[in-house]
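So this block is input_9.cif, mmCIF, C-alpha atoms:
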```
data_upload
#
loop_
_atom_site.label_atom_id
_atom_site.label_comp_id
_atom_site.auth_asym_id
_atom_site.auth_seq_id
_atom_site.Cartn_x
_atom_site.Cartn_y
_atom_site.Cartn_z
CA MET A 29 -8.24 35.62 -21.54
CA ASP A 30 -4.92 35.76 -23.42
CA LYS A 31 -3.29 37.46 -20.44
CA ILE A 32 -4.52 34.77 -18.04
CA LYS A 33 -3.30 32.05 -20.41
CA ARG A 34 0.10 33.75 -20.73
CA VAL A 35 0.45 34.02 -16.93
CA TRP A 36 -0.58 30.36 -16.53
CA LEU A 37 1.97 29.24 -19.13
CA GLN A 38 4.63 31.31 -17.43
CA ASN A 39 3.84 29.69 -14.08
CA ALA A 40 3.89 26.27 -15.71
CA ASN A 41 7.34 26.98 -17.16
CA ILE A 42 8.59 28.06 -13.75
CA GLN A 43 7.17 24.89 -12.21
CA VAL A 44 8.90 22.73 -14.81
CA LEU A 45 12.21 24.50 -14.20
CA LEU A 46 12.01 24.27 -10.40
CA LEU A 47 10.95 20.63 -10.49
CA ALA A 48 13.74 19.73 -12.94
CA ILE A 49 16.38 21.48 -10.80
CA PHE A 50 15.07 19.85 -7.62
CA VAL A 51 15.05 16.36 -9.16
CA ALA A 52 18.53 16.83 -10.65
CA VAL A 53 20.07 18.04 -7.38
CA THR A 54 18.49 15.34 -5.21
CA SER A 55 19.25 12.58 -7.75
CA LEU A 56 22.91 13.54 -7.91
CA SER A 57 23.06 13.78 -4.12
CA VAL A 58 21.68 10.26 -3.76
CA TYR A 59 23.94 8.89 -6.50
CA PHE A 60 27.24 10.33 -5.24
CA THR A 61 26.75 9.73 -1.51
CA ALA A 62 27.29 6.35 0.11
CA LYS A 63 24.02 6.63 2.01
CA SER A 64 21.96 9.75 2.63
CA VAL A 65 18.48 9.28 4.03
CA THR A 66 17.79 13.00 3.70
CA ALA A 67 18.69 13.08 0.00
CA PHE A 68 16.62 9.97 -0.68
CA LEU A 69 13.59 11.43 1.09
CA LEU A 70 13.94 14.67 -0.83
CA LEU A 71 14.07 12.72 -4.08
CA LEU A 72 10.85 10.93 -3.13
CA ALA A 73 9.36 14.30 -2.17
CA SER A 74 9.63 15.31 -5.83
CA LEU A 75 6.59 13.07 -6.45
CA LEU A 76 4.61 15.12 -3.92
CA MET A 77 5.79 18.34 -5.57
CA LEU A 78 4.60 16.96 -8.89
CA TYR A 79 1.13 16.34 -7.45
CA TYR A 80 0.78 20.00 -6.46
CA THR A 81 1.83 21.39 -9.84
CA SER A 82 -0.71 22.79 -12.28
CA PHE A 83 0.16 20.28 -15.02
CA SER A 84 -2.55 18.21 -16.67
CA HIS A 85 -3.19 14.72 -15.37
CA ARG A 86 -1.58 13.19 -18.45
CA ILE A 87 1.63 15.18 -17.97
CA LYS A 88 1.72 14.31 -14.27
CA TRP A 89 1.42 10.60 -15.04
CA ILE A 90 4.19 10.78 -17.65
CA ILE A 91 6.59 12.65 -15.36
CA GLY A 92 5.69 10.45 -12.39
CA GLY A 93 6.31 7.32 -14.45
CA ALA A 94 9.70 8.64 -15.54
CA LEU A 95 10.63 9.37 -11.92
CA LEU A 96 9.57 5.95 -10.67
CA ILE A 97 10.82 3.81 -13.54
CA LEU A 98 14.02 5.60 -14.53
CA ILE A 99 15.26 8.38 -12.27
CA ILE A 100 14.78 6.88 -8.79
CA PRO A 101 16.29 3.45 -9.65
CA LEU A 102 19.24 5.06 -11.46
CA ALA A 103 19.86 7.62 -8.71
CA THR A 104 19.90 5.00 -5.96
CA SER A 105 22.16 2.58 -7.89
CA GLY A 106 25.33 4.62 -7.34
CA GLY A 107 26.32 3.30 -3.92
CA PRO A 108 26.27 0.33 -1.52
CA ALA A 109 22.87 1.43 -0.14
CA TYR A 110 21.12 0.58 -3.44
CA ASP A 111 19.19 -2.42 -2.10
CA SER A 112 18.47 -0.57 1.14
CA TYR A 113 16.80 2.25 -0.77
CA MET A 114 14.92 -0.18 -2.99
CA GLU A 115 13.76 -2.21 0.00
CA VAL A 116 12.11 0.89 1.47
CA ALA A 117 10.55 1.77 -1.90
CA THR A 118 9.31 -1.81 -2.41
CA GLN A 119 7.77 -2.06 1.05
CA SER A 120 6.15 1.33 0.52
CA GLY A 121 4.58 0.08 -2.71
CA ILE A 122 3.24 -3.04 -0.98
CA TYR A 123 1.64 -1.03 1.82
CA ILE A 124 0.27 1.59 -0.59
CA ALA A 125 -1.57 -1.12 -2.53
CA MET A 126 -2.94 -2.62 0.70
CA ALA A 127 -3.99 0.80 1.98
CA LEU A 128 -5.78 1.53 -1.31
CA GLY A 129 -7.64 -1.76 -0.93
CA LEU A 130 -8.68 -0.90 2.63
CA ASN A 131 -9.66 2.58 1.45
CA ILE A 132 -12.31 1.00 -0.76
CA VAL A 133 -13.81 -0.74 2.28
CA VAL A 134 -13.38 2.05 4.84
CA GLY A 135 -13.07 5.23 2.78
CA PHE A 136 -15.54 4.57 -0.02
CA ALA A 137 -18.06 2.16 1.52
CA GLY A 138 -17.71 3.28 5.16
CA LEU A 139 -17.24 -0.28 6.50
CA LEU A 140 -14.73 -0.30 9.38
CA ASP A 141 -12.45 -3.32 8.91
CA LEU A 142 -9.87 -4.18 11.60
CA GLY A 143 -8.93 -7.58 10.18
CA PHE A 144 -7.69 -6.53 6.75
CA VAL A 145 -4.28 -8.19 7.19
CA ALA A 146 -6.05 -11.57 7.03
CA PHE A 147 -6.45 -11.16 3.25
CA PHE A 148 -2.75 -10.32 3.00
CA ALA A 149 -2.00 -13.57 4.85
CA ILE A 150 -4.32 -15.58 2.59
CA GLY A 151 -2.48 -14.38 -0.51
CA ALA A 152 0.91 -15.06 1.07
CA TYR A 153 0.02 -18.59 2.19
CA THR A 154 -1.67 -19.38 -1.13
CA TYR A 155 1.64 -18.94 -2.92
CA GLY A 156 3.85 -20.15 -0.06
CA ILE A 157 2.13 -23.53 0.26
CA PHE A 158 2.22 -24.44 -3.41
CA SER A 159 5.66 -23.02 -4.23
CA THR A 160 7.26 -25.30 -1.62
CA ALA A 161 7.05 -28.97 -0.77
CA GLN A 162 4.46 -28.11 1.91
CA ALA A 163 1.59 -28.99 -0.44
CA ASN A 164 2.85 -32.59 -0.68
CA HIS A 165 1.58 -33.17 2.88
CA PHE A 166 -2.05 -33.03 1.77
CA ILE A 167 -1.92 -33.51 -2.02
CA PRO A 168 -0.59 -36.91 -3.18
CA GLY A 169 1.73 -37.38 -6.12
CA ASN A 170 4.80 -35.42 -5.04
CA LEU A 171 3.92 -32.67 -7.53
CA PHE A 172 5.33 -29.76 -5.55
CA PRO A 173 7.05 -27.33 -5.31
CA LEU A 174 5.87 -25.48 -8.37
CA SER A 175 8.42 -23.45 -10.27
CA GLY A 176 8.89 -19.72 -9.83
CA THR A 177 7.28 -19.20 -13.23
CA THR A 178 3.87 -19.84 -11.64
CA PHE A 179 4.35 -16.74 -9.46
CA TRP A 180 2.75 -14.58 -12.15
CA LEU A 181 -0.31 -16.81 -12.22
CA PHE A 182 -0.49 -16.88 -8.42
CA ILE A 183 -0.77 -13.09 -8.30
CA ILE A 184 -4.20 -13.56 -9.88
CA ILE A 185 -4.98 -16.68 -7.80
CA GLY A 186 -3.96 -14.96 -4.58
CA GLY A 187 -6.18 -11.99 -5.39
CA PHE A 188 -9.08 -14.32 -6.21
CA MET A 189 -8.68 -16.33 -2.98
CA ALA A 190 -8.56 -13.15 -0.91
CA ALA A 191 -11.66 -11.82 -2.71
CA LEU A 192 -13.46 -15.10 -2.01
CA PHE A 193 -12.70 -14.85 1.69
CA GLY A 194 -13.72 -11.18 1.56
CA VAL A 195 -17.17 -12.26 0.37
CA LEU A 196 -17.29 -14.99 3.04
CA LEU A 197 -16.46 -12.37 5.65
CA GLY A 198 -19.05 -9.99 4.26
CA LEU A 199 -21.95 -12.46 4.30
CA PRO A 200 -22.29 -12.88 8.09
CA VAL A 201 -21.49 -9.25 8.98
CA LEU A 202 -24.00 -7.49 6.74
CA ARG A 203 -26.42 -7.18 9.65
CA VAL A 204 -23.97 -5.22 11.80
CA LYS A 205 -22.27 -1.87 11.35
CA GLY A 206 -20.13 0.65 13.16
CA ASP A 207 -18.39 -0.60 16.29
CA TYR A 208 -19.89 -4.08 15.98
CA LEU A 209 -18.55 -4.43 12.46
CA ALA A 210 -15.09 -3.44 13.71
CA ILE A 211 -15.25 -6.13 16.41
CA VAL A 212 -16.39 -8.83 13.99
CA THR A 213 -13.68 -8.04 11.42
CA LEU A 214 -11.07 -7.89 14.20
CA GLY A 215 -12.17 -11.36 15.25
CA PHE A 216 -11.95 -12.59 11.66
CA GLY A 217 -8.37 -11.39 11.37
CA GLU A 218 -7.36 -13.12 14.59
CA ILE A 219 -9.20 -16.32 13.60
CA ILE A 220 -7.29 -16.52 10.31
CA ARG A 221 -3.95 -15.98 12.09
CA ILE A 222 -4.75 -18.62 14.72
CA ILE A 223 -5.87 -21.10 12.05
CA PHE A 224 -2.61 -20.66 10.14
CA ASN A 225 -0.73 -21.00 13.44
CA ASN A 226 -2.38 -24.34 14.30
CA LEU A 227 -3.04 -25.92 10.91
CA GLU A 228 -0.14 -28.36 11.07
CA LYS A 229 -2.28 -31.21 12.39
CA PRO A 230 -4.04 -33.50 11.86
CA VAL A 231 -2.95 -32.61 8.31
CA ASN A 232 0.08 -30.36 7.96
CA ILE A 233 -1.11 -27.58 5.65
CA THR A 234 0.60 -24.43 6.94
CA ASN A 235 3.41 -25.93 9.06
CA GLY A 236 2.01 -24.07 12.05
CA ALA A 237 4.13 -21.64 14.04
CA MET A 238 7.29 -22.86 12.28
CA GLY A 239 6.15 -21.14 9.11
CA ILE A 240 6.99 -21.96 5.50
CA SER A 241 10.53 -21.45 4.25
CA SER A 242 12.39 -21.73 0.94
CA ILE A 243 9.55 -20.17 -1.04
CA LYS A 244 10.38 -20.02 -4.73
CA PRO A 245 11.29 -16.54 -6.02
CA PRO A 246 9.63 -15.29 -9.21
CA ASP A 247 11.08 -16.55 -12.45
CA LEU A 248 10.63 -15.01 -15.89
CA PHE A 249 12.27 -16.70 -18.91
CA GLY A 250 14.93 -18.19 -16.64
CA TYR A 251 15.68 -14.90 -14.87
CA GLU A 252 15.11 -15.07 -11.10
CA PHE A 253 13.94 -12.07 -9.07
CA THR A 254 15.78 -12.23 -5.76
CA HIS A 255 16.87 -8.67 -4.91
CA PRO A 256 14.81 -5.70 -3.69
CA HIS A 257 15.60 -3.64 -6.78
CA GLN A 258 14.10 -6.43 -8.89
CA PHE A 259 10.95 -6.71 -6.77
CA TYR A 260 10.63 -2.94 -6.99
CA PHE A 261 9.53 -3.16 -10.62
CA ILE A 262 7.10 -6.02 -9.89
CA VAL A 263 5.48 -4.01 -7.11
CA LEU A 264 5.45 -0.92 -9.31
CA ALA A 265 3.58 -2.75 -12.08
CA ILE A 266 0.97 -4.17 -9.67
CA LEU A 267 0.63 -0.79 -7.94
CA ALA A 268 -0.04 0.93 -11.27
CA PHE A 269 -2.82 -1.59 -11.92
CA VAL A 270 -4.25 -1.05 -8.41
CA ILE A 271 -4.23 2.76 -8.72
CA PHE A 272 -5.84 2.59 -12.16
CA GLY A 273 -8.49 0.20 -10.85
CA VAL A 274 -9.25 2.26 -7.75
CA ARG A 275 -9.56 5.46 -9.78
CA ARG A 276 -11.91 3.78 -12.24
CA PHE A 277 -14.01 2.34 -9.40
CA GLU A 278 -14.14 5.69 -7.60
CA HIS A 279 -15.87 7.50 -10.45
CA SER A 280 -17.96 4.59 -11.66
CA ARG A 281 -21.55 3.78 -10.83
CA LEU A 282 -20.33 1.22 -8.30
CA GLY A 283 -18.06 3.78 -6.64
CA ARG A 284 -20.93 6.22 -6.29
CA SER A 285 -23.00 3.41 -4.78
CA TRP A 286 -20.27 2.76 -2.20
CA LYS A 287 -20.24 6.43 -1.21
CA ALA A 288 -24.02 6.51 -1.02
CA VAL A 289 -23.99 3.51 1.33
CA ARG A 290 -21.30 5.24 3.41
CA GLU A 291 -23.39 8.39 3.81
CA ASN A 292 -26.77 6.79 4.51
CA GLU A 293 -27.66 3.14 4.00
CA ILE A 294 -31.43 3.69 4.21
CA ALA A 295 -31.39 6.53 1.67
CA ALA A 296 -29.13 4.53 -0.63
CA GLN A 297 -31.43 1.51 -0.48
CA SER A 298 -34.47 3.68 -1.14
CA MET A 299 -32.76 4.96 -4.31
CA GLY A 300 -32.49 1.41 -5.65
CA ILE A 301 -28.91 0.57 -4.63
CA PRO A 302 -28.60 -3.16 -3.77
CA LEU A 303 -27.14 -2.92 -0.27
CA ILE A 304 -25.88 -6.50 0.13
CA ARG A 305 -24.25 -6.73 -3.29
CA THR A 306 -22.63 -3.30 -2.92
CA LYS A 307 -21.07 -4.17 0.45
CA LEU A 308 -19.89 -7.59 -0.69
CA THR A 309 -18.28 -6.06 -3.77
CA ALA A 310 -16.40 -3.58 -1.57
CA PHE A 311 -15.07 -6.40 0.63
CA ALA A 312 -14.10 -8.51 -2.37
CA VAL A 313 -12.35 -5.78 -4.39
CA GLY A 314 -10.45 -4.40 -1.40
CA ALA A 315 -9.39 -7.87 -0.29
CA SER A 316 -8.16 -8.84 -3.77
CA PHE A 317 -5.56 -6.05 -3.80
CA SER A 318 -4.26 -7.17 -0.42
CA GLY A 319 -4.13 -10.80 -1.56
CA MET A 320 -2.05 -9.93 -4.64
CA MET A 321 0.49 -8.10 -2.50
CA GLY A 322 0.52 -11.05 -0.11
CA VAL A 323 1.81 -13.23 -2.94
CA VAL A 324 4.56 -10.68 -3.68
CA PHE A 325 5.46 -10.48 0.03
CA ALA A 326 5.81 -14.26 0.32
CA ALA A 327 8.01 -14.47 -2.79
CA LYS A 328 10.19 -11.57 -1.65
CA GLN A 329 10.70 -12.77 1.91
CA THR A 330 10.97 -16.48 0.91
CA PHE A 331 9.63 -17.20 4.42
CA ILE A 332 6.28 -16.57 6.06
CA ASP A 333 4.84 -17.38 9.46
CA PRO A 334 1.73 -16.24 11.39
CA SER A 335 3.70 -13.60 13.34
CA SER A 336 3.84 -11.45 10.19
CA PHE A 337 0.05 -11.04 10.12
CA THR A 338 -0.92 -9.65 13.52
CA LEU A 339 -3.52 -7.13 14.60
CA LEU A 340 -0.78 -4.47 14.67
CA GLU A 341 -0.42 -4.80 10.90
CA SER A 342 -4.15 -4.25 10.36
CA THR A 343 -4.07 -1.23 12.67
CA THR A 344 -1.06 0.20 10.83
CA ILE A 345 -2.83 -0.06 7.47
CA LEU A 346 -5.92 1.62 8.92
CA VAL A 347 -3.71 4.41 10.28
CA MET A 348 -2.34 4.94 6.76
CA VAL A 349 -5.86 5.40 5.38
CA VAL A 350 -7.05 7.72 8.15
CA LEU A 351 -3.82 9.73 8.20
CA GLY A 352 -3.80 10.26 4.43
CA GLY A 353 -7.50 11.06 4.18
CA MET A 354 -10.30 8.51 3.99
CA GLY A 355 -11.74 8.28 0.51
CA SER A 356 -8.83 10.20 -1.02
CA VAL A 357 -6.66 8.15 -3.37
CA PRO A 358 -3.66 10.55 -3.40
CA GLY A 359 -4.09 11.04 0.36
CA VAL A 360 -3.96 7.30 1.06
CA ILE A 361 -0.88 6.94 -1.16
CA LEU A 362 0.85 9.72 0.78
CA GLY A 363 -0.26 8.36 4.15
CA ALA A 364 0.94 4.82 3.39
CA ALA A 365 4.27 6.04 2.04
CA LEU A 366 4.80 8.36 5.01
CA VAL A 367 4.04 5.72 7.65
CA THR A 368 6.17 3.09 5.92
CA ILE A 369 9.16 5.38 5.44
CA LEU A 370 8.90 6.63 9.04
CA ASN A 371 8.92 3.08 10.39
CA LEU A 372 11.48 1.54 8.05
CA GLN A 373 13.96 4.33 7.55
CA VAL A 374 13.57 7.68 9.30
CA LEU A 375 12.97 6.49 12.86
CA THR A 376 15.40 3.59 12.45
CA GLU A 377 18.19 5.88 11.25
CA PHE A 378 17.37 8.40 13.98
CA THR A 379 17.59 5.64 16.58
CA ASN A 380 20.93 4.42 15.22
CA TRP A 381 22.29 7.97 15.23
CA LEU A 382 21.34 8.50 18.89
CA ASN A 383 22.82 5.11 19.80
CA GLN A 384 26.13 6.11 18.20
CA LEU A 385 26.16 9.38 20.11
CA THR A 386 25.51 7.48 23.33
CA LEU A 387 28.34 5.00 22.66
CA GLN A 388 30.72 7.87 21.87
CA GLY A 389 29.79 9.59 25.13
CA ALA A 390 28.52 12.72 23.39
CA VAL A 391 25.12 12.42 25.08
CA HIS A 392 23.81 10.47 28.04
CA ILE A 393 20.36 8.93 27.63
CA PRO A 394 18.84 6.96 30.55
CA ASN A 395 18.14 3.32 29.84
CA ALA A 396 14.40 3.86 30.29
CA LEU A 397 14.52 6.49 27.52
CA SER A 398 16.78 4.59 25.14
CA PRO A 399 16.06 5.31 21.45
CA SER A 400 15.13 1.70 20.71
CA LYS A 401 12.43 1.82 23.39
CA MET A 402 11.19 5.27 22.42
CA GLN A 403 10.87 4.63 18.68
CA ARG A 404 7.19 3.66 18.85
CA PHE A 405 6.53 6.59 21.18
CA ILE A 406 8.06 9.02 18.69
CA PHE A 407 6.05 7.45 15.88
CA GLY A 408 2.84 7.80 17.88
CA ALA A 409 3.61 11.42 18.78
CA ILE A 410 4.13 12.29 15.11
CA LEU A 411 0.80 10.70 14.19
CA ILE A 412 -0.99 12.61 16.97
CA LEU A 413 0.46 15.93 15.82
CA ILE A 414 -0.57 15.26 12.21
CA ALA A 415 -4.06 14.23 13.34
CA ILE A 416 -4.44 17.44 15.39
CA PHE A 417 -3.32 19.85 12.70
CA LYS A 418 -4.69 17.89 9.70
CA SER A 419 -7.89 16.40 11.11
CA ASN A 420 -9.29 15.51 7.67
CA GLY A 421 -6.09 13.82 6.49
CA LEU A 422 -3.01 15.04 4.69
CA ILE A 423 -4.89 15.27 1.38
CA PRO A 424 -8.65 15.29 2.10
CA ALA A 425 -11.06 13.72 -0.35
CA LYS A 426 -12.63 16.05 -2.90
CA ASN A 427 -15.88 15.63 -4.77
CA ARG A 428 -15.57 15.39 -8.52
CA LYS A 429 -16.50 18.62 -10.27
CA VAL A 430 -18.93 18.50 -13.19
CA SER A 431 -19.34 21.45 -15.54
CA VAL A 432 -22.68 23.21 -15.82
CA ASN A 433 -22.86 22.46 -19.56
CA ARG A 434 -22.41 18.74 -18.91
CA GLN A 435 -25.16 18.82 -16.27
CA ASN A 436 -27.52 20.64 -18.62
CA GLY A 437 -26.71 18.17 -21.38
CA GLY A 438 -27.50 15.29 -19.07
CA ILE A 439 -30.82 16.85 -18.07
CA ALA A 440 -31.74 17.54 -21.69
CA GLN A 441 -31.14 13.95 -22.60
#
```

Have the structure of the file written as structure tokens, please.
Amino acid sequence: MDKIKRVWLQNANIQVLLLAIFVAVTSLSVYFTAKSVTAFLLLLASLLMLYYTSFSHRIKWIIGGALLILIIPLATSGGPAYDSYMEVATQSGIYIAMALGLNIVVGFAGLLDLGFVAFFAIGAYTYGIFSTAQANHFIPGNLFPLSGTTFWLFIIIGGFMAALFGVLLGLPVLRVKGDYLAIVTLGFGEIIRIIFNNLEKPVNITNGAMGISSIKPPDLFGYEFTHPHQFYFIVLAILAFVIFGVRRFEHSRLGRSWKAVRENEIAAQSMGIPLIRTKLTAFAVGASFSGMMGVVFAAKQTFIDPSSFTLLESTTILVMVVLGGMGSVPGVILGAALVTILNLQVLTEFTNWLNQLTLQGAVHIPNALSPSKMQRFIFGAILILIAIFKSNGLIPAKNRKVSVNRQNGGIAQ
């Protein structure tokens, strides 16, 4: 036993050393280069390396927090690409929280939802309408816009409104499942987008296709949050809450009920699980996370319109969940981060690089195969390859292990 412990400690020391060297090298590379996508991606990859170490969960959380709160912001602040890096990190955090919310519905409860972006839109419009003069069109008294200080309250309100609509969506669709459920939720997402697109008359509530502009940025003690590196910490705080909540739900009685419903509804109901309440709770909890991030999105963009909440967005979030591993919290986090970074940075930079080579005459690419037209094709090809070689997701879901002594203790009681 002492020999095994000594070997384990030795491996742990090696892991600490390798991780520290890797983080130091990539951090310095990001800091001292004007813009290096490769160095930035390698720095983010240190979080994935941390996940695969043999450290305890507490140590992993401490190191991960230090990387996200201190090292990554400091490393990216050394050059003109600071806000560019932080924009990618912020958008990744927003999509990770939304993917974790959808994972509750699809991964835990087994309810296929193709209209999930509707809850994101509800949260965004909830804050957008009342933080601008738009609300004066249907509420008398010229009381609006509200100040940016109310943003912190609207994070909760946006989550509550999205949860409410999640329950309203769940009520009529409890009788259907599988493909029919997917069709109904797809229709719900499109209905919400069309309503927001046409709700400028007879009473102008959403300003229709013109959207809502000049949305108030968050304000805290007179300090306005207007830059991506500032929103990064807001998103990080909300994401920490979402991850904590999802992990607690996963191993709770409710989480086990969701998984039982996913595996077999009839068997779950025969074991005393309230089917309707369990499904509605899954819709409400998942939608609330999306609604909270919708509020952040509206405040960050300062402009929203219905074109930001299309079916493509819902499909992209579902791809993140399936790609990472349905029902797997770390898998969904990795899948959402990977898809977001591919779309926002890797493929964009690759396209720009090929365009520069074409302009310089180094390569000749036919117009039909221009990088800007092939970007979605490349993205789709990457997803297909990952799906073929990792059919269960990048990090498949694992059942929680319970020791034999704990099981015997439970039986004895």

Please evaluate the PyMOL selection byres ((chain A and resi 212) around 12) against the displayed coordinates and give the resulting residues as a PDB file with C-alpha atoms, in the frame of the given file.
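Output (out.pdb):
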```pdb
ATOM      1  CA  LEU A 139     -17.240  -0.280   6.500  1.00  0.00           C
ATOM      2  CA  LEU A 140     -14.730  -0.300   9.380  1.00  0.00           C
ATOM      3  CA  ASP A 141     -12.450  -3.320   8.910  1.00  0.00           C
ATOM      4  CA  LEU A 142      -9.870  -4.180  11.600  1.00  0.00           C
ATOM      5  CA  GLY A 143      -8.930  -7.580  10.180  1.00  0.00           C
ATOM      6  CA  PHE A 144      -7.690  -6.530   6.750  1.00  0.00           C
ATOM      7  CA  LEU A 197     -16.460 -12.370   5.650  1.00  0.00           C
ATOM      8  CA  GLY A 198     -19.050  -9.990   4.260  1.00  0.00           C
ATOM      9  CA  LEU A 199     -21.950 -12.460   4.300  1.00  0.00           C
ATOM     10  CA  PRO A 200     -22.290 -12.880   8.090  1.00  0.00           C
ATOM     11  CA  VAL A 201     -21.490  -9.250   8.980  1.00  0.00           C
ATOM     12  CA  LEU A 202     -24.000  -7.490   6.740  1.00  0.00           C
ATOM     13  CA  ARG A 203     -26.420  -7.180   9.650  1.00  0.00           C
ATOM     14  CA  VAL A 204     -23.970  -5.220  11.800  1.00  0.00           C
ATOM     15  CA  LYS A 205     -22.270  -1.870  11.350  1.00  0.00           C
ATOM     16  CA  GLY A 206     -20.130   0.650  13.160  1.00  0.00           C
ATOM     17  CA  ASP A 207     -18.390  -0.600  16.290  1.00  0.00           C
ATOM     18  CA  TYR A 208     -19.890  -4.080  15.980  1.00  0.00           C
ATOM     19  CA  LEU A 209     -18.550  -4.430  12.460  1.00  0.00           C
ATOM     20  CA  ALA A 210     -15.090  -3.440  13.710  1.00  0.00           C
ATOM     21  CA  ILE A 211     -15.250  -6.130  16.410  1.00  0.00           C
ATOM     22  CA  THR A 213     -13.680  -8.040  11.420  1.00  0.00           C
ATOM     23  CA  LEU A 214     -11.070  -7.890  14.200  1.00  0.00           C
ATOM     24  CA  GLY A 215     -12.170 -11.360  15.250  1.00  0.00           C
ATOM     25  CA  PHE A 216     -11.950 -12.590  11.660  1.00  0.00           C
ATOM     26  CA  GLY A 217      -8.370 -11.390  11.370  1.00  0.00           C
ATOM     27  CA  GLU A 218      -7.360 -13.120  14.590  1.00  0.00           C
ATOM     28  CA  ILE A 219      -9.200 -16.320  13.600  1.00  0.00           C
TER      29      ILE A 219
END
```

Let me have the centre and edge lengths in Å, one decimal, of the box along x, y and z around every listed atom of segment 302-316 of chain A with 5 Å of margin on each side, as JSON.
```
{"center_x": -18.4, "center_y": -5.9, "center_z": -1.9, "size_x": 30.4, "size_y": 15.9, "size_z": 15.0}
```

Pick out the residues sitting within 8 Å of segment 301-310 of chain A, and hand them over as number ranges by chain; count all atoms listed in the file, and ignore anything fewer than 4 positions along from it in its own chain. A: 132-133, 137, 194-195, 198-199, 202, 282, 285-286, 289, 293, 296-297, 314

Quick one: write out the picked residues with C-alpha atoms as an mmCIF file, keeping the file's coordinate frame?
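For reference, result-v5.cif as written:
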```cif
data_model
loop_
_atom_site.group_PDB
_atom_site.id
_atom_site.type_symbol
_atom_site.label_atom_id
_atom_site.label_comp_id
_atom_site.auth_asym_id
_atom_site.auth_seq_id
_atom_site.Cartn_x
_atom_site.Cartn_y
_atom_site.Cartn_z
ATOM 1 C CA ILE A 132 -12.310 1.000 -0.760
ATOM 2 C CA VAL A 133 -13.810 -0.740 2.280
ATOM 3 C CA ALA A 137 -18.060 2.160 1.520
ATOM 4 C CA GLY A 194 -13.720 -11.180 1.560
ATOM 5 C CA VAL A 195 -17.170 -12.260 0.370
ATOM 6 C CA GLY A 198 -19.050 -9.990 4.260
ATOM 7 C CA LEU A 199 -21.950 -12.460 4.300
ATOM 8 C CA LEU A 202 -24.000 -7.490 6.740
ATOM 9 C CA LEU A 282 -20.330 1.220 -8.300
ATOM 10 C CA SER A 285 -23.000 3.410 -4.780
ATOM 11 C CA TRP A 286 -20.270 2.760 -2.200
ATOM 12 C CA VAL A 289 -23.990 3.510 1.330
ATOM 13 C CA GLU A 293 -27.660 3.140 4.000
ATOM 14 C CA ALA A 296 -29.130 4.530 -0.630
ATOM 15 C CA GLN A 297 -31.430 1.510 -0.480
ATOM 16 C CA GLY A 314 -10.450 -4.400 -1.400
#
```

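This file gives the following result for the PyMOL selection byres ((chain A and resi 352) around 9): Val347, Met348, Val349, Val350, Leu351, Gly353, Met354, Ser356, Val357, Pro358, Gly359, Val360, Ile361, Leu362, Gly363, Ala364, Leu366, Asn420, Gly421, Leu422, Ile423 and Pro424 of chain A.
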
Can you list every residue of segment 254-297 of chain A that has an atom at most 10 Å from segment 221-245 of chain A, with its nearest atom pair and the distance in Å to one decimal, using all atoms listed in the file, ordered by chain then number, as CSV?
```
residue,atom,partner,partner_atom,distance
A:Thr254,CA,A:Pro245,CA,6.2
A:His255,CA,A:Pro245,CA,9.7
A:Phe259,CA,A:Pro245,CA,9.9
```

By how many Å are atom CA of Leu411 of chain A and atom CA of Leu346 of chain A apart?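 For atom CA of Leu411 of chain A relative to atom CA of Leu346 of chain A, the distance reads 12.5 Å.
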
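Among the candidate residues A:Gly107, A:Gln384, A:Arg86, A:Val145, the one lying nearest to Gly129 of chain A is A:Val145, with distances computed using all atoms listed in the file.
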
From atom CA of Phe331 of chain A to atom CA of Ile271 of chain A the spacing works out at 27.6 Å

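Close contacts of Asn170 of chain A, defined as residues with an atom at most 12 Å away when counting all atoms listed in the file, with chain neighbours fewer than 5 positions off set aside, comprise Phe158, Thr160, Ala161, Gln162, Ala163, Asn164 and His165 of chain A.
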
Gap from atom CA of Thr379 of chain A to atom CA of Met402 of chain A - Å, one decimal: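 It comes out at 8.7 Å.
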
Contact residues around Ile262 of chain A with only C-alpha atoms at 10 Å, ignoring same-chain residues under 3 positions, as a ChimeraX atom specification: /A:118,121,180,246,253,256-259,265-267,324

Sorted by chain and rising residue number, which residues of segment 68-124 of chain A lie within 8 Å of segment 43-62 of chain A, and what are their closest atom pairs and distances in Å to one decimal, counting only C-alpha atoms, as CSV?
```
residue,atom,partner,partner_atom,distance
A:Phe68,CA,A:Val58,CA,5.9
A:Leu70,CA,A:Thr54,CA,6.4
A:Leu71,CA,A:Thr54,CA,5.3
A:Ser74,CA,A:Val51,CA,6.4
A:Met77,CA,A:Leu47,CA,7.5
A:Leu78,CA,A:Leu47,CA,7.5
A:Thr81,CA,A:Gln43,CA,6.8
A:Ile99,CA,A:Ser55,CA,7.3
A:Ile100,CA,A:Ser55,CA,7.3
A:Leu102,CA,A:Tyr59,CA,7.8
A:Ala103,CA,A:Tyr59,CA,4.8
A:Thr104,CA,A:Tyr59,CA,5.6
A:Ser105,CA,A:Tyr59,CA,6.7
A:Gly106,CA,A:Tyr59,CA,4.6
A:Gly107,CA,A:Ala62,CA,5.1
A:Pro108,CA,A:Ala62,CA,6.3
A:Ala109,CA,A:Ala62,CA,6.6
```

When you look at segment 407-409 of chain A with a cut-off of 9 Å (counting all atoms listed in the file), what residues show up, excluding the ones that are within fewer than 6 positions of it in the same chain? I need them as a VMD selection string. chain A and resid 367 370 to 371 375
